[in-house]
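A.B. asks: Sharing a structure here in structure tokens format.
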Amino acid sequence: KILKIQELEKLGAEVLLFQADAADESKMEEVFTRAKAHFGPINGIIHSAGVADGCLIQQRTRDITDPVLAPKIKGTLVLHRLLEENCEALEFVVFCSSLGSILAGVGQAGYCAANNFLDSFSYYRNSRRRSTTICINWDSWNEVGMAVEAVRQRQARALPQNALSPLEGIEVFDRIIATFTINTNIAVSTRDLNRLREEKYTRLQADIARHQKWLQKEEIFPSDVPGTFPRSQKKSL
């Protein structure tokens, strides 16, 4: 990361680094104050904070879910309030959401909810017409990003085969910024998104049919289906 920053500086950019929790309002207010003191009015914001998820619903606790929700929900609300006070020169805000809000995966309930909040809040901000808010539902990236970190920390088995390369991601981002006055909510997928949704829906319908069949026969639920357990161990929810 330091080398990347040095490359930017060689190209003439001036980089000022701060470390703060996006959901900590006092820390973020300090970042805004120092940035404005150094650079002047804020022209653009890219909100890409996020925490990886990975827990089945029936095993979730508040302690597991809150850290996943915080950067994308509380962090977004903190940014929104601070931007209300610092919007005189603001041209755009970019929310980095995920295809996870469209194609939710197993164990991703918290992450799916957090990104759905981003998707909806971008509509709210645009309805107020103070500045343009762009929400990008990103596919997974390879080499960099949360998916790579999840694999490194063994929270995920492997990266998707069709993950975006950094060069592809940069090109897509440049094209989005060039047309942000036209498109404000954009899904970025390396595969046919409609087909992926249809396949996921088909698998879901098949799983529901299997569950109904087991219920009718009053059989013991198989252990290979996530979230199931023998009738003798059935829990009250």
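Residues are referred to by chain and number: the chain letter is A, B, ... according to the order shown in the structure tokens, the number counts from 1 in that chain, and ligands are numbered separately from 1 in the order shown.
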Excluding same-chain residues fewer than 3 positions from Glu30 in chain A, what lies within 12 Å of it counting only C-alpha atoms, as a list in words?
C.D. replies: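 Listing them by chain and then by number gives Phe18, Gln19, Ala20, Asp21, Ala22, Asp24, Glu25, Ser26, Lys27, Thr33, Arg34, Ala35, Lys36, Ala37 and Leu82 of chain A.
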A.B. asks: Write out the residues from the selection above, keeping all heavy atoms, as a CSV table (one decimal), in the first residue's frame.
C.D. replies:
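For reference, result_32.csv as written:
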chain,number,residue,atom,x,y,z
A,18,PHE,N,-5.1,9.3,7.1
A,18,PHE,CA,-5.7,9.3,8.4
A,18,PHE,C,-6.2,7.9,8.7
A,18,PHE,O,-6.6,7.2,7.7
A,18,PHE,CB,-6.8,10.2,8.6
A,18,PHE,CG,-6.5,11.7,8.3
A,18,PHE,CD1,-6.9,12.3,7.1
A,18,PHE,CD2,-5.8,12.4,9.2
A,18,PHE,CE1,-6.6,13.6,6.8
A,18,PHE,CE2,-5.5,13.7,9.0
A,18,PHE,CZ,-5.9,14.3,7.8
A,19,GLN,N,-6.2,7.4,9.9
A,19,GLN,CA,-6.8,6.1,10.3
A,19,GLN,C,-7.9,6.4,11.3
A,19,GLN,O,-7.6,7.0,12.3
A,19,GLN,CB,-5.7,5.2,10.9
A,19,GLN,CG,-6.3,3.8,11.2
A,19,GLN,CD,-5.2,2.9,11.6
A,19,GLN,OE1,-4.0,3.1,11.4
A,19,GLN,NE2,-5.6,1.8,12.3
A,20,ALA,N,-9.1,6.0,10.9
A,20,ALA,CA,-10.2,6.2,11.8
A,20,ALA,C,-11.3,5.2,11.5
A,20,ALA,O,-11.5,4.7,10.3
A,20,ALA,CB,-10.8,7.6,11.6
A,21,ASP,N,-12.1,4.8,12.5
A,21,ASP,CA,-13.2,4.0,12.3
A,21,ASP,C,-14.3,4.8,11.7
A,21,ASP,O,-14.8,5.8,12.2
A,21,ASP,CB,-13.7,3.4,13.7
A,21,ASP,CG,-14.9,2.5,13.6
A,21,ASP,OD1,-15.5,2.4,12.6
A,21,ASP,OD2,-15.2,1.9,14.7
A,22,ALA,N,-14.8,4.3,10.5
A,22,ALA,CA,-15.9,5.1,9.8
A,22,ALA,C,-17.1,5.2,10.6
A,22,ALA,O,-17.9,6.2,10.4
A,22,ALA,CB,-16.2,4.4,8.5
A,24,ASP,N,-17.2,5.8,13.9
A,24,ASP,CA,-16.9,6.7,15.0
A,24,ASP,C,-17.0,8.1,14.6
A,24,ASP,O,-16.2,8.7,14.0
A,24,ASP,CB,-15.5,6.4,15.5
A,24,ASP,CG,-15.1,7.1,16.8
A,24,ASP,OD1,-15.6,8.2,17.0
A,24,ASP,OD2,-14.4,6.5,17.7
A,25,GLU,N,-18.1,8.8,15.0
A,25,GLU,CA,-18.4,10.1,14.6
A,25,GLU,C,-17.4,11.1,15.0
A,25,GLU,O,-17.0,12.0,14.2
A,25,GLU,CB,-19.8,10.5,15.1
A,25,GLU,CG,-20.3,11.8,14.4
A,25,GLU,CD,-21.8,12.1,14.6
A,25,GLU,OE1,-22.5,11.1,15.0
A,25,GLU,OE2,-22.2,13.2,14.4
A,26,SER,N,-16.9,11.1,16.2
A,26,SER,CA,-15.9,12.0,16.7
A,26,SER,C,-14.6,11.9,15.9
A,26,SER,O,-14.0,13.0,15.5
A,26,SER,CB,-15.7,11.9,18.2
A,26,SER,OG,-15.1,10.6,18.5
A,27,LYS,N,-14.2,10.7,15.6
A,27,LYS,CA,-12.9,10.5,14.9
A,27,LYS,C,-13.1,11.0,13.4
A,27,LYS,O,-12.2,11.6,12.8
A,27,LYS,CB,-12.5,9.0,14.9
A,27,LYS,CG,-12.1,8.5,16.2
A,27,LYS,CD,-10.9,9.1,16.7
A,27,LYS,CE,-10.4,8.5,18.0
A,27,LYS,NZ,-9.2,9.2,18.6
A,33,THR,N,-12.2,17.8,9.5
A,33,THR,CA,-11.6,19.1,9.9
A,33,THR,C,-10.2,19.2,9.4
A,33,THR,O,-9.8,20.2,8.8
A,33,THR,CB,-11.7,19.2,11.4
A,33,THR,OG1,-13.1,19.2,11.9
A,33,THR,CG2,-11.1,20.6,11.8
A,34,ARG,N,-9.4,18.2,9.6
A,34,ARG,CA,-8.0,18.2,9.2
A,34,ARG,C,-7.9,18.2,7.7
A,34,ARG,O,-7.0,18.9,7.1
A,34,ARG,CB,-7.3,17.0,9.8
A,34,ARG,CG,-7.2,17.1,11.4
A,34,ARG,CD,-6.5,15.9,12.0
A,34,ARG,NE,-5.1,15.7,11.5
A,34,ARG,CZ,-4.4,14.7,11.8
A,34,ARG,NH1,-4.9,13.7,12.6
A,34,ARG,NH2,-3.1,14.6,11.4
A,35,ALA,N,-8.7,17.4,7.0
A,35,ALA,CA,-8.6,17.4,5.5
A,35,ALA,C,-9.0,18.7,4.9
A,35,ALA,O,-8.4,19.2,4.0
A,35,ALA,CB,-9.6,16.3,5.0
A,36,LYS,N,-10.1,19.4,5.5
A,36,LYS,CA,-10.5,20.7,4.9
A,36,LYS,C,-9.4,21.7,5.2
A,36,LYS,O,-9.2,22.6,4.4
A,36,LYS,CB,-11.8,21.1,5.6
A,36,LYS,CG,-13.0,20.3,5.0
A,36,LYS,CD,-14.3,20.9,5.6
A,36,LYS,CE,-14.6,22.3,5.0
A,36,LYS,NZ,-15.9,22.8,5.5
A,37,ALA,N,-8.8,21.6,6.4
A,37,ALA,CA,-7.7,22.6,6.7
A,37,ALA,C,-6.5,22.5,5.8
A,37,ALA,O,-5.9,23.5,5.5
A,37,ALA,CB,-7.3,22.4,8.2
A,82,LEU,N,-22.0,14.5,8.4
A,82,LEU,CA,-20.8,15.4,8.2
A,82,LEU,C,-20.8,16.1,6.9
A,82,LEU,O,-20.4,17.2,6.8
A,82,LEU,CB,-19.5,14.6,8.4
A,82,LEU,CG,-19.2,14.0,9.8
A,82,LEU,CD1,-18.0,13.1,9.8
A,82,LEU,CD2,-19.0,15.2,10.8
A.B. asks: Residues at most 8 Å from Cys112 in chain A, counting only C-alpha atoms, excluding those fewer than 3 positions away in the same chain, as a ChimeraX atom specification?
C.D. replies: /A:100-102,104,108-109,115-116
A.B. asks: From a DSSP pass on the backbone, collect the residues of range 50-125 of chain A flagged as strand (DSSP E) and hand them back as a ChimeraX atom specification.
C.D. replies: /A:92-98
A.B. asks: Emit the selected residues as a PDB file, in the first residue's frame, including N, CA, C and O atoms.
C.D. replies:
ATOM      1  N   PHE A  92     -19.700  14.660  -5.785  1.00  0.00           N
ATOM      2  CA  PHE A  92     -20.203  13.288  -5.814  1.00  0.00           C
ATOM      3  C   PHE A  92     -19.832  12.549  -4.542  1.00  0.00           C
ATOM      4  O   PHE A  92     -18.875  12.892  -3.851  1.00  0.00           O
ATOM      5  N   VAL A  93     -20.630  11.504  -4.255  1.00  0.00           N
ATOM      6  CA  VAL A  93     -20.333  10.539  -3.201  1.00  0.00           C
ATOM      7  C   VAL A  93     -20.484   9.156  -3.820  1.00  0.00           C
ATOM      8  O   VAL A  93     -21.476   8.888  -4.513  1.00  0.00           O
ATOM      9  N   VAL A  94     -19.510   8.291  -3.596  1.00  0.00           N
ATOM     10  CA  VAL A  94     -19.568   6.922  -4.113  1.00  0.00           C
ATOM     11  C   VAL A  94     -19.688   5.955  -2.950  1.00  0.00           C
ATOM     12  O   VAL A  94     -18.855   5.953  -2.039  1.00  0.00           O
ATOM     13  N   PHE A  95     -20.747   5.139  -2.958  1.00  0.00           N
ATOM     14  CA  PHE A  95     -20.891   4.044  -2.008  1.00  0.00           C
ATOM     15  C   PHE A  95     -20.442   2.756  -2.697  1.00  0.00           C
ATOM     16  O   PHE A  95     -20.960   2.411  -3.760  1.00  0.00           O
ATOM     17  N   CYS A  96     -19.498   2.049  -2.089  1.00  0.00           N
ATOM     18  CA  CYS A  96     -19.063   0.756  -2.636  1.00  0.00           C
ATOM     19  C   CYS A  96     -19.881  -0.347  -1.982  1.00  0.00           C
ATOM     20  O   CYS A  96     -19.577  -0.822  -0.881  1.00  0.00           O
ATOM     21  N   SER A  97     -20.946  -0.737  -2.672  1.00  0.00           N
ATOM     22  CA  SER A  97     -21.811  -1.833  -2.231  1.00  0.00           C
ATOM     23  C   SER A  97     -21.305  -3.122  -2.868  1.00  0.00           C
ATOM     24  O   SER A  97     -20.170  -3.190  -3.336  1.00  0.00           O
ATOM     25  N   SER A  98     -22.142  -4.138  -2.893  1.00  0.00           N
ATOM     26  CA  SER A  98     -21.705  -5.459  -3.356  1.00  0.00           C
ATOM     27  C   SER A  98     -22.835  -6.185  -4.068  1.00  0.00           C
ATOM     28  O   SER A  98     -24.019  -5.935  -3.793  1.00  0.00           O
TER      29      SER A  98
END
A.B. asks: When you count only C-alpha atoms, which of these residues is closest to Ala163 in chain A: A:Ala209, A:Ala49, A:Leu56, A:Val188?
C.D. replies: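 Of all the options, A:Val188 lies closest to Ala163 in chain A.
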A.B. asks: I'd like the interatomic distance between CA of Ser189 in chain A and CA of Ile177 in chain A, to a tenth of an Å.
C.D. replies: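 CA of Ile177 in chain A lies 17.0 Å from CA of Ser189 in chain A.
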A.B. asks: Could you give me, as a VMD selection string, each residue of range 20-185 of chain A that DSSP assigns to alpha helix (DSSP H) when run on this structure's backbone?
C.D. replies: chain A and resid 25 to 39 62 to 69 74 to 85 109 to 128 146 to 152 166 to 178
A.B. asks: Would you mind exporting C-alpha atoms of the selected residues as a tab-separated table (two decimals), in the first residue's frame?
C.D. replies:
chain	number	residue	atom	x	y	z
A	25	GLU	CA	-18.44	10.10	14.56
A	26	SER	CA	-15.92	12.05	16.66
A	27	LYS	CA	-12.94	10.50	14.86
A	28	MET	CA	-14.49	11.07	11.43
A	29	GLU	CA	-15.30	14.68	12.32
A	30	GLU	CA	-11.63	15.15	13.16
A	31	VAL	CA	-10.64	13.66	9.78
A	32	PHE	CA	-12.99	16.07	7.97
A	33	THR	CA	-11.65	19.06	9.90
A	34	ARG	CA	-8.01	18.21	9.20
A	35	ALA	CA	-8.64	17.38	5.54
A	36	LYS	CA	-10.48	20.67	4.95
A	37	ALA	CA	-7.74	22.60	6.74
A	38	HIS	CA	-5.12	21.03	4.45
A	39	PHE	CA	-6.90	20.85	1.08
A	62	ARG	CA	-25.39	-9.51	18.02
A	63	ASP	CA	-21.65	-9.58	18.69
A	64	ILE	CA	-21.11	-11.34	15.33
A	65	THR	CA	-23.48	-9.19	13.28
A	66	ASP	CA	-22.93	-5.65	14.64
A	67	PRO	CA	-19.32	-5.33	13.39
A	68	VAL	CA	-20.49	-6.29	9.88
A	69	LEU	CA	-23.31	-3.73	9.90
A	74	LYS	CA	-23.57	3.62	11.02
A	75	GLY	CA	-20.52	4.69	9.00
A	76	THR	CA	-22.76	5.84	6.15
A	77	LEU	CA	-25.00	7.81	8.53
A	78	VAL	CA	-21.94	9.45	10.08
A	79	LEU	CA	-20.68	10.47	6.63
A	80	HIS	CA	-24.12	11.76	5.68
A	81	ARG	CA	-24.33	14.03	8.71
A	82	LEU	CA	-20.80	15.37	8.23
A	83	LEU	CA	-21.42	15.98	4.52
A	84	GLU	CA	-24.52	18.01	5.37
A	85	GLU	CA	-22.15	20.44	7.05
A	109	ALA	CA	-27.05	-12.26	6.09
A	110	GLY	CA	-25.26	-9.39	7.84
A	111	TYR	CA	-23.24	-8.38	4.80
A	112	CYS	CA	-26.32	-8.61	2.57
A	113	ALA	CA	-28.30	-6.37	4.95
A	114	ALA	CA	-25.49	-3.84	5.22
A	115	ASN	CA	-25.13	-3.51	1.46
A	116	ASN	CA	-28.90	-3.30	0.97
A	117	PHE	CA	-28.83	-0.31	3.29
A	118	LEU	CA	-26.22	1.35	1.08
A	119	ASP	CA	-28.32	0.67	-2.02
A	120	SER	CA	-31.42	2.22	-0.45
A	121	PHE	CA	-29.65	5.15	1.19
A	122	SER	CA	-28.15	6.21	-2.13
A	123	TYR	CA	-31.70	6.64	-3.46
A	124	TYR	CA	-32.55	8.74	-0.42
A	125	ARG	CA	-29.54	11.01	-0.89
A	126	ASN	CA	-30.27	11.47	-4.59
A	127	SER	CA	-33.89	12.35	-3.83
A	128	ARG	CA	-32.58	15.34	-1.89
A	146	MET	CA	-12.23	-8.07	1.08
A	147	ALA	CA	-12.58	-11.35	-0.81
A	148	VAL	CA	-8.79	-11.75	-0.97
A	149	GLU	CA	-8.44	-10.95	2.75
A	150	ALA	CA	-11.20	-13.47	3.58
A	151	VAL	CA	-9.27	-16.20	1.76
A	152	ARG	CA	-6.02	-15.22	3.47
A	166	PRO	CA	-7.52	-4.57	-10.42
A	167	LEU	CA	-7.05	-3.18	-13.96
A	168	GLU	CA	-10.61	-4.15	-14.88
A	169	GLY	CA	-11.93	-2.61	-11.68
A	170	ILE	CA	-10.11	0.67	-12.31
A	171	GLU	CA	-11.42	0.83	-15.88
A	172	VAL	CA	-14.99	0.19	-14.70
A	173	PHE	CA	-14.68	2.82	-11.98
A	174	ASP	CA	-13.37	5.41	-14.46
A	175	ARG	CA	-16.29	4.72	-16.80
A	176	ILE	CA	-18.81	5.02	-13.96
A	177	ILE	CA	-17.38	8.33	-12.78
A	178	ALA	CA	-17.45	9.64	-16.36
A.B. asks: Between CA of Trp138 in chain A and CA of Asn185 in chain A, what is the spacing in Å?
C.D. replies: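 Value for the CA of Asn185 in chain A-CA of Trp138 in chain A distance: 10.9 Å.
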A.B. asks: As an exercise, work out the distance from CA of Gln58 in chain A to CA of Tyr201 in chain A in Å and give it to one decimal place.
C.D. replies: 21.5 Å
A.B. asks: Given only C-alpha atoms as the basis, pick out the residue of A:Val106, A:Leu99, A:Leu196, A:Ile2 nearest to Trp141 in chain A.
C.D. replies: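 Nearest candidate to Trp141 in chain A out of A:Val106, A:Leu99, A:Leu196, A:Ile2: A:Leu99.
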A.B. asks: Taking only C-alpha atoms into account, which of A:Ala89, A:Leu164, A:Ile186, A:Leu17 comes nearest Asn142 in chain A?
C.D. replies: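 The answer is A:Leu164, which sits nearest to Asn142 in chain A.
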